[in-house]
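Q: I'm passing along model09.txt; it holds compact mmCIF, C-alpha atoms and all ligand atoms.
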# COMPACT_ATOMS: atom_id res chain seq x y z
CA MET A 1 20.38 22.26 -18.29
CA ASN A 2 17.07 20.59 -19.07
CA ILE A 3 14.94 23.36 -20.57
CA THR A 4 11.72 21.35 -20.31
CA ARG A 5 10.98 21.27 -16.62
CA ALA A 6 8.24 21.41 -14.02
CA ILE A 7 9.12 23.86 -11.27
CA ILE A 8 7.64 22.57 -8.02
CA ASN A 9 7.12 25.33 -5.47
CA LEU A 10 7.23 23.77 -2.02
CA SER A 11 6.23 26.96 -0.22
CA ALA A 12 3.04 27.02 -2.29
CA LEU A 13 2.43 23.45 -1.06
CA GLN A 14 2.79 24.64 2.57
CA HIS A 15 0.50 27.56 1.87
CA ASN A 16 -2.20 25.30 0.39
CA LEU A 17 -1.95 22.92 3.34
CA GLN A 18 -2.62 25.86 5.68
CA VAL A 19 -5.56 27.03 3.51
CA LEU A 20 -7.10 23.56 3.75
CA LYS A 21 -6.51 23.40 7.50
CA LYS A 22 -8.35 26.71 7.89
CA GLN A 23 -11.12 25.46 5.66
CA ALA A 24 -11.67 22.42 7.88
CA PRO A 25 -10.30 23.50 11.27
CA ASN A 26 -11.65 20.51 13.17
CA SER A 27 -10.40 17.86 10.75
CA LYS A 28 -7.06 16.21 10.23
CA ILE A 29 -5.58 15.78 6.78
CA LEU A 30 -4.92 12.64 4.81
CA ALA A 31 -2.82 14.14 2.01
CA ILE A 32 -3.40 12.29 -1.24
CA ILE A 33 -0.15 11.69 -3.10
CA LYS A 34 -1.10 8.84 -5.45
CA ALA A 35 0.08 8.86 -9.08
CA ASN A 36 3.45 10.36 -8.18
CA ALA A 37 1.73 13.09 -6.17
CA TYR A 38 -0.29 14.06 -9.23
CA GLY A 39 2.95 14.37 -11.18
CA HIS A 40 4.70 16.50 -8.54
CA GLY A 41 7.09 13.78 -7.30
CA MET A 42 5.72 11.53 -4.57
CA ILE A 43 8.75 11.21 -2.29
CA LYS A 44 9.65 14.87 -2.27
CA ILE A 45 6.05 15.90 -1.65
CA ALA A 46 5.74 13.31 1.15
CA GLN A 47 8.89 14.65 2.79
CA ASN A 48 7.47 18.16 2.73
CA LEU A 49 4.08 17.43 4.24
CA THR A 50 4.22 17.66 8.00
CA GLY A 51 1.56 18.04 10.65
CA ILE A 52 -0.85 15.77 8.81
CA TYR A 53 -2.69 12.59 9.80
CA GLY A 54 -1.14 10.60 6.99
CA LEU A 55 -0.57 10.01 3.30
CA GLY A 56 -3.03 8.43 0.88
CA VAL A 57 -1.96 6.37 -2.12
CA ALA A 58 -3.95 4.17 -4.46
CA ARG A 59 -1.75 1.06 -4.59
CA LEU A 60 0.57 -1.04 -2.50
CA ASN A 61 3.56 -0.44 -4.82
CA GLU A 62 3.26 3.31 -4.21
CA ALA A 63 3.28 2.75 -0.46
CA LEU A 64 6.34 0.51 -0.68
CA VAL A 65 8.25 3.20 -2.60
CA LEU A 66 7.49 5.60 0.25
CA ARG A 67 8.60 3.14 2.94
CA ASP A 68 11.78 2.42 0.92
CA ALA A 69 12.48 6.15 1.02
CA ASN A 70 12.28 5.92 4.80
CA ILE A 71 9.02 7.82 5.09
CA LYS A 72 7.45 6.85 8.41
CA THR A 73 4.18 8.77 8.12
CA PRO A 74 0.99 6.67 8.34
CA ILE A 75 -0.12 5.52 4.89
CA VAL A 76 -3.61 4.54 3.72
CA LEU A 77 -4.13 2.34 0.65
CA LEU A 78 -7.21 3.85 -0.98
CA GLU A 79 -7.85 0.83 -3.20
CA GLY A 80 -6.84 -1.57 -0.48
CA PHE A 81 -4.96 -4.80 -1.17
CA PHE A 82 -5.56 -6.96 -4.23
CA ALA A 83 -4.55 -10.41 -2.99
CA GLN A 84 -4.44 -12.21 0.35
CA GLU A 85 -0.71 -12.83 0.02
CA ASN A 86 -0.15 -9.07 0.19
CA LEU A 87 -1.51 -8.82 3.72
CA PRO A 88 1.78 -9.63 5.54
CA LEU A 89 3.39 -6.76 3.62
CA LEU A 90 0.73 -4.41 4.95
CA VAL A 91 1.50 -5.58 8.50
CA LYS A 92 5.25 -5.37 7.97
CA HIS A 93 5.15 -1.81 6.60
CA ASP A 94 2.40 -0.57 8.88
CA LEU A 95 -0.01 0.25 6.05
CA GLN A 96 -3.67 1.02 6.66
CA THR A 97 -6.11 -0.29 4.10
CA VAL A 98 -9.51 0.58 2.74
CA ILE A 99 -11.84 -2.44 2.68
CA HIS A 100 -14.30 -2.06 -0.15
CA SER A 101 -15.12 -5.55 -1.46
CA LYS A 102 -16.43 -8.91 -0.30
CA GLN A 103 -13.25 -10.62 -1.46
CA GLN A 104 -11.16 -8.38 0.75
CA VAL A 105 -13.34 -9.25 3.74
CA ILE A 106 -12.95 -12.97 3.03
CA ASP A 107 -9.18 -12.56 2.68
CA LEU A 108 -8.99 -10.67 5.96
CA LEU A 109 -11.11 -13.20 7.84
CA GLU A 110 -9.01 -16.11 6.60
CA ALA A 111 -5.53 -14.63 6.96
CA LYS A 112 -3.15 -15.38 9.81
CA LEU A 113 -1.46 -12.09 10.60
CA GLU A 114 1.11 -11.22 13.23
CA LYS A 115 -0.70 -8.00 14.10
CA PRO A 116 -4.16 -6.64 13.37
CA LEU A 117 -4.48 -4.08 10.57
CA LYS A 118 -5.93 -0.62 10.76
CA ILE A 119 -8.77 -0.57 8.25
CA TRP A 120 -11.15 1.90 6.62
CA LEU A 121 -14.46 0.27 5.77
CA LYS A 122 -15.93 1.91 2.71
CA LEU A 123 -19.61 2.70 2.29
CA ASP A 124 -20.84 3.14 -1.28
CA VAL A 125 -22.89 6.35 -1.14
CA GLY A 126 -23.52 6.60 -4.87
CA MET A 127 -20.34 6.34 -6.96
CA HIS A 128 -21.08 2.60 -7.39
CA ARG A 129 -17.43 1.85 -8.04
CA LEU A 130 -16.01 0.61 -4.74
CA GLY A 131 -17.54 0.09 -1.32
CA PHE A 132 -20.41 -1.69 0.36
CA HIS A 133 -23.97 -0.89 -0.52
CA PRO A 134 -25.99 0.32 2.49
CA HIS A 135 -27.92 -2.98 2.65
CA GLU A 136 -24.71 -5.01 3.15
CA PHE A 137 -22.80 -2.45 5.21
CA GLN A 138 -24.07 -3.30 8.70
CA LYS A 139 -23.45 -7.01 8.32
CA THR A 140 -19.98 -6.43 6.91
CA TYR A 141 -19.16 -4.11 9.78
CA GLN A 142 -20.22 -6.72 12.31
CA ARG A 143 -18.17 -9.46 10.65
CA LEU A 144 -15.09 -7.26 10.70
CA GLU A 145 -15.72 -6.27 14.32
CA ARG A 146 -15.29 -9.92 15.23
CA CYS A 147 -12.22 -10.39 13.05
CA LYS A 148 -8.97 -10.67 15.00
CA ASN A 149 -6.97 -9.33 12.04
CA VAL A 150 -8.76 -5.98 12.33
CA GLN A 151 -7.82 -3.22 14.76
CA LYS A 152 -10.76 -1.71 16.62
CA PRO A 153 -12.42 0.65 16.34
CA ILE A 154 -12.96 0.35 12.60
CA ASN A 155 -12.56 3.58 10.63
CA LEU A 156 -15.21 4.54 8.09
CA ILE A 157 -14.87 6.15 4.70
CA CYS A 158 -16.88 7.10 1.61
CA HIS A 159 -16.19 8.97 -1.63
CA PHE A 160 -18.54 11.38 -3.42
CA ASN A 161 -19.16 11.29 -7.15
CA CYS A 162 -20.61 14.79 -7.68
CA ALA A 163 -18.97 16.96 -5.02
CA ASP A 164 -17.57 19.26 -7.72
CA GLU A 165 -21.11 20.21 -8.81
CA LEU A 166 -21.83 23.17 -6.58
CA ASP A 167 -25.54 23.35 -7.29
CA ASN A 168 -26.16 19.60 -7.04
CA PRO A 169 -27.77 18.69 -3.69
CA ILE A 170 -26.73 15.03 -4.02
CA THR A 171 -23.56 15.52 -1.93
CA GLU A 172 -25.64 16.67 1.07
CA LYS A 173 -27.86 13.60 0.61
CA GLN A 174 -24.84 11.30 0.43
CA THR A 175 -23.39 12.91 3.56
CA GLN A 176 -26.70 12.26 5.29
CA LEU A 177 -26.71 8.64 4.11
CA PHE A 178 -23.19 8.13 5.45
CA LYS A 179 -24.14 9.60 8.83
CA GLU A 180 -27.24 7.39 9.06
CA GLN A 181 -25.30 4.26 8.20
CA ILE A 182 -22.36 4.83 10.54
CA GLN A 183 -24.68 5.90 13.36
CA GLU A 184 -22.64 6.75 16.45
CA ARG A 185 -19.86 4.32 15.63
CA SER A 186 -16.47 5.30 16.92
CA GLY A 187 -13.37 5.18 14.79
CA LEU A 188 -12.39 7.94 12.40
CA HIS A 189 -14.80 9.11 9.71
CA SER A 190 -13.67 10.47 6.34
CA LEU A 191 -15.84 11.69 3.48
CA ALA A 192 -14.34 14.72 1.77
CA SER A 193 -11.74 15.02 -0.98
CA SER A 194 -10.77 18.50 -2.30
CA ALA A 195 -14.11 19.49 -3.76
CA ALA A 196 -16.11 18.58 -0.66
CA THR A 197 -13.47 20.16 1.59
CA LEU A 198 -13.97 23.46 -0.23
CA ALA A 199 -17.70 23.28 -0.96
CA TRP A 200 -19.47 20.99 1.51
CA PRO A 201 -18.44 21.73 5.12
CA THR A 202 -20.98 19.33 6.62
CA SER A 203 -18.88 16.51 5.15
CA HIS A 204 -15.57 17.42 6.82
CA ALA A 205 -15.82 14.96 9.75
CA ASP A 206 -12.54 13.68 11.32
CA ILE A 207 -10.33 13.45 8.27
CA ILE A 208 -10.38 15.33 4.96
CA ARG A 209 -8.61 13.81 1.95
CA PRO A 210 -7.42 16.59 -0.34
CA GLY A 211 -5.41 15.80 -3.44
CA ILE A 212 -5.68 18.34 -6.24
CA ALA A 213 -6.22 21.35 -3.94
CA LEU A 214 -2.95 20.63 -2.13
CA TYR A 215 -1.24 21.16 -5.46
CA GLY A 216 -2.95 24.53 -5.82
CA ILE A 217 -5.38 23.49 -8.52
CA SER A 218 -9.14 23.97 -8.36
CA PRO A 219 -11.21 20.77 -8.17
CA PHE A 220 -13.99 22.65 -9.98
CA ALA A 221 -14.09 23.13 -13.75
CA ASP A 222 -15.69 26.57 -13.43
CA LYS A 223 -13.86 27.98 -10.42
CA GLU A 224 -10.24 29.01 -10.26
CA ALA A 225 -7.74 28.10 -7.55
CA GLN A 226 -7.37 31.78 -6.64
CA ASP A 227 -11.07 31.88 -5.69
CA PHE A 228 -9.93 29.76 -2.72
CA SER A 229 -6.52 31.47 -2.26
CA LEU A 230 -4.73 28.33 -3.44
CA LEU A 231 -1.37 28.76 -5.17
CA PRO A 232 -0.18 26.54 -8.03
CA VAL A 233 2.61 24.22 -6.92
CA MET A 234 3.65 23.09 -10.41
CA THR A 235 4.65 25.44 -13.20
CA LEU A 236 5.41 23.58 -16.41
CA LYS A 237 8.03 25.43 -18.41
CA SER A 238 10.10 25.20 -21.50
CA ARG A 239 11.83 27.70 -23.81
CA LEU A 240 11.62 29.11 -27.29
CA ILE A 241 14.14 27.24 -29.43
CA ALA A 242 13.32 29.13 -32.66
CA VAL A 243 11.52 32.32 -33.66
CA ARG A 244 10.62 32.38 -37.36
CA GLU A 245 9.19 34.78 -39.91
CA HIS A 246 6.00 33.20 -41.19
CA LYS A 247 4.19 34.26 -44.39
CA LYS A 248 0.44 34.64 -44.80
CA GLY A 249 -0.98 31.47 -46.35
CA ASP A 250 1.81 29.22 -45.05
CA ALA A 251 0.97 26.23 -42.87
CA VAL A 252 2.92 24.86 -39.92
CA GLY A 253 3.49 21.40 -38.51
CA TYR A 254 2.34 17.88 -39.34
CA GLY A 255 -0.66 17.64 -41.64
CA ALA A 256 -0.49 21.37 -42.38
CA GLN A 257 -3.39 21.74 -39.95
CA TRP A 258 -3.17 25.49 -39.47
CA THR A 259 -2.50 28.17 -42.04
CA SER A 260 -1.74 31.75 -41.12
CA THR A 261 -4.18 34.40 -42.33
CA GLN A 262 -1.47 37.07 -42.13
CA ASP A 263 2.27 37.57 -41.99
CA THR A 264 3.44 36.79 -38.47
CA LYS A 265 6.21 35.30 -36.37
CA LEU A 266 6.01 31.80 -34.96
CA GLY A 267 7.73 30.57 -31.83
CA VAL A 268 8.85 26.96 -31.59
CA VAL A 269 8.73 25.61 -28.01
CA ALA A 270 10.65 22.52 -26.86
CA ILE A 271 7.75 20.55 -25.41
CA GLY A 272 5.41 18.01 -26.96
CA TYR A 273 3.41 14.89 -26.29
CA GLY A 274 6.65 13.06 -25.49
CA ASP A 275 6.72 15.25 -22.38
CA GLY A 276 3.05 14.79 -21.61
CA TYR A 277 1.72 17.95 -23.24
CA PRO A 278 -1.46 16.59 -24.88
CA ARG A 279 -1.39 16.11 -28.65
CA MET A 280 -5.11 16.82 -28.62
CA ALA A 281 -4.54 20.46 -27.64
CA PRO A 282 -6.37 22.45 -30.32
CA GLU A 283 -5.46 25.69 -32.04
CA GLY A 284 -5.90 28.56 -29.60
CA THR A 285 -4.88 26.67 -26.46
CA PRO A 286 -3.32 29.39 -24.27
CA ILE A 287 0.43 29.57 -23.74
CA LEU A 288 2.18 32.20 -21.60
CA ILE A 289 5.27 33.92 -23.03
CA ASN A 290 6.78 37.12 -21.66
CA GLY A 291 3.56 38.07 -19.89
CA ARG A 292 1.28 37.50 -22.90
CA ILE A 293 -1.23 34.70 -23.37
CA LEU A 294 -0.68 33.49 -26.93
CA PRO A 295 -2.39 30.84 -29.05
CA LEU A 296 -1.00 27.43 -29.86
CA VAL A 297 -1.11 26.88 -33.63
CA GLY A 298 -0.58 23.73 -35.69
CA ARG A 299 -0.37 20.21 -34.34
CA VAL A 300 1.52 19.40 -31.16
CA SER A 301 4.35 17.06 -32.13
CA MET A 302 6.42 14.73 -29.94
CA ASP A 303 9.11 17.21 -28.97
CA MET A 304 7.77 20.60 -30.02
CA LEU A 305 4.82 22.84 -30.43
CA THR A 306 4.33 26.17 -32.19
CA VAL A 307 2.86 29.45 -30.99
CA ASP A 308 1.70 32.49 -32.97
CA LEU A 309 3.79 35.29 -31.46
CA GLY A 310 2.43 38.06 -33.73
CA ILE A 311 4.27 40.17 -36.30
CA ASN A 312 5.51 42.79 -33.83
CA CYS A 313 6.80 40.43 -31.16
CA THR A 314 10.19 40.88 -29.56
CA ASP A 315 10.39 37.37 -28.11
CA LYS A 316 13.65 35.60 -28.78
CA VAL A 317 15.26 32.21 -28.66
CA GLY A 318 15.85 31.16 -25.05
CA ASP A 319 12.87 33.01 -23.63
CA ASP A 320 10.85 31.15 -20.99
CA VAL A 321 7.49 29.66 -21.91
CA THR A 322 4.84 28.60 -19.37
CA LEU A 323 2.46 25.83 -20.38
CA TRP A 324 0.55 25.92 -17.08
CA GLY A 325 1.04 26.92 -13.47
CA ASP A 326 1.97 30.39 -12.25
CA GLY A 327 0.14 32.92 -14.46
CA LEU A 328 -1.83 30.36 -16.48
CA SER A 329 -3.97 27.86 -14.62
CA ALA A 330 -4.01 24.17 -15.52
CA THR A 331 -7.80 24.45 -15.13
CA LEU A 332 -8.02 26.89 -18.04
CA VAL A 333 -5.61 24.94 -20.24
CA ALA A 334 -7.55 21.73 -19.53
CA LYS A 335 -10.79 23.40 -20.56
CA TYR A 336 -9.36 24.21 -24.02
CA ILE A 337 -8.07 20.68 -24.41
CA GLY A 338 -11.30 19.06 -23.28
CA THR A 339 -9.91 17.34 -20.21
CA ILE A 340 -9.40 18.13 -16.52
CA SER A 341 -6.38 19.58 -14.75
CA TYR A 342 -5.85 16.26 -12.93
CA GLU A 343 -5.04 14.53 -16.20
CA LEU A 344 -2.64 17.24 -17.35
CA VAL A 345 -0.43 17.16 -14.27
CA THR A 346 -0.43 13.38 -13.78
CA LYS A 347 0.54 12.63 -17.37
CA LEU A 348 3.91 14.36 -17.50
CA THR A 349 6.57 11.92 -18.65
CA SER A 350 9.96 11.20 -17.13
CA ARG A 351 11.63 13.47 -19.70
CA VAL A 352 10.31 16.48 -17.78
CA GLU A 353 12.69 17.32 -14.96
CA LEU A 354 11.06 18.15 -11.64
CA GLN A 355 12.91 21.11 -10.11
CA TYR A 356 12.08 21.93 -6.47
CA ILE A 357 12.21 25.48 -5.15
C1 LIG B 401 -7.89 10.57 -5.35
C2 LIG B 401 -8.74 10.49 -4.17
C3 LIG B 401 -8.90 11.62 -3.34
C4 LIG B 401 -8.37 12.98 -3.68
O1 LIG B 401 -9.22 13.60 -4.63
P1 LIG B 401 -9.00 15.12 -5.06
O2 LIG B 401 -10.17 15.42 -5.92
O3 LIG B 401 -7.71 15.16 -5.83
O4 LIG B 401 -8.93 15.92 -3.83
C5 LIG B 401 -9.61 11.44 -2.15
N1 LIG B 401 -10.16 10.24 -1.83
C6 LIG B 401 -10.04 9.15 -2.62
C7 LIG B 401 -10.67 7.87 -2.21
C8 LIG B 401 -9.34 9.25 -3.82
O5 LIG B 401 -9.24 8.17 -4.61
Step by step, read the file and then write its structure as structure tokens.
A:
Amino acid sequence: MNITRAIINLSALQHNLQVLKKQAPNSKILAIIKANAYGHGMIKIAQNLTGIYGLGVARLNEALVLRDANIKTPIVLLEGFFAQENLPLLVKHDLQTVIHSKQQVIDLLEAKLEKPLKIWLKLDVGMHRLGFHPHEFQKTYQRLERCKNVQKPINLICHFNCADELDNPITEKQTQLFKEQIQERSGLHSLASSAATLAWPTSHADIIRPGIALYGISPFADKEAQDFSLLPVMTLKSRLIAVREHKKGDAVGYGAQWTSTQDTKLGVVAIGYGDGYPRMAPEGTPILINGRILPLVGRVSMDMLTVDLGINCTDKVGDDVTLWGDGLSATLVAKYIGTISYELVTKLTSRVELQYI
């Protein structure tokens, strides 16, 4: 009924999980499903991920939604908790937490908890966003070792800032730094998200943390998912709701931004920025219709966009249109728009129906 929909292919999800397992055969998987599983529907994706170490989300509210849906899988809060009064909720719902700041350490030391928490102490290896600088890491570790609210052994984590740059040696250096700092400490060690899982095998360690690759999208701007045998999980679709004769010299859309240099036919597609298709998409952004890649023309509006179908087209009202996914990668579309695939998939709005196959 809803013609503007994201088809979510759960067998592609399984396939990608297997690809990642093969890529890092000695590691377990913390599947990252924050931000509504990158727009794919967090609960449904969580229910379909089995044989993994656990699920990773950014925030406590995401974890509580999962527990409310009766999902019993271990959950790690990647940003940790934000206030001491949240700690009993972490205990109650059996949530593991990253510890990345001095305030969190103070809160943990002071709290009175019914059970100790499983924690992931974060080393800052160069992102300089969250985590402990190497010079404060050892001391922090020792304080937490003595803390009765912390389960032992402490798990250790870091996050790379340039792992998607294949010719940048910094990721190897950061891996080295992590290994030096953690020494032979027991507990689980986790360094790699999707890019490092695919490109930097020395960083695999105990647990890999793939997000985007699980959804069949390349973490690299200049490599395609198929280079790694990953299959797109989401295909964003709508339909042609009008096919119009269009005269040379006529403009289309708000602001008359684009004018045709020849007689043609234009297709009007029922999707716009109200669905999360970016308004910034420029003329020429690729759109897949009946097996042809065709250019977006004119401004994207809230509910519609227009495509130059060409004078000889046989496309008709009701025909399927693919904005990204199967046959047209989100990576390529993102490149035209000047963003990354991550932003495209996470920004779909609730008007887009998620249909699972
Ligand atoms: C989001 C996130 C990931 C997953 O990153 P991808 O590039 O999508 O694989 C892994 N680890 C942390 C800490 C994250 O915040």
Q: If you count only C-alpha atoms and all ligand atoms, which residues end up within 9 Å of ligand LIG 401 (chain B), as a count of residues only?
A: 38
Q: So which one's closest to A:Gln14, A:Leu344, A:Ile71, A:Ile99, A:Ala46? Using all atoms listed in the file, please.
A: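 Distance minimum relative to A:Gln14 lands on A:Ala46.
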Q: Out of A:Leu236, A:Met42, A:Val321, A:Val252, which residue has the shortest atom-to-atom distance to A:Ala69 when counting all atoms listed in the file?
A: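 Going through A:Leu236, A:Met42, A:Val321, A:Val252 one by one, the smallest distance to A:Ala69 is for A:Met42.
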Q: Which distance in Å separates atom CA of A:Lys72 and atom CA of A:Asp94, to one decimal?
A: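 Taking atom CA of A:Lys72 as the start and atom CA of A:Asp94 as the end point, the length is 9.0 Å.
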Q: Identify, on the basis of only C-alpha atoms, every residue whose closest approach to A:Asn70 does not exceed 12 Å; exclude the query and any residue fewer than 3 positions from it along the same chain; express the result as a list in words.
A: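 Near A:Asn70, the qualifying residues are Ile43, Lys44, Ala46, Gln47, Ala63, Leu64, Val65, Leu66, Arg67, Thr73, Pro74 and His93 of chain A.
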Q: Taking all atoms listed in the file into account, name the residue in A:Ala6, A:Ile271, A:Leu144, A:Val297 that is nearest to A:Thr259.
A: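 So, comparing all the options, the nearest one is A:Val297.
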Q: Rounded to one decimal place, report the atom CA of A:Asn16-atom CA of A:Leu166 distance in Å.
A: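 Interatomic distance, atom CA of A:Asn16 to atom CA of A:Leu166: 20.9 Å.
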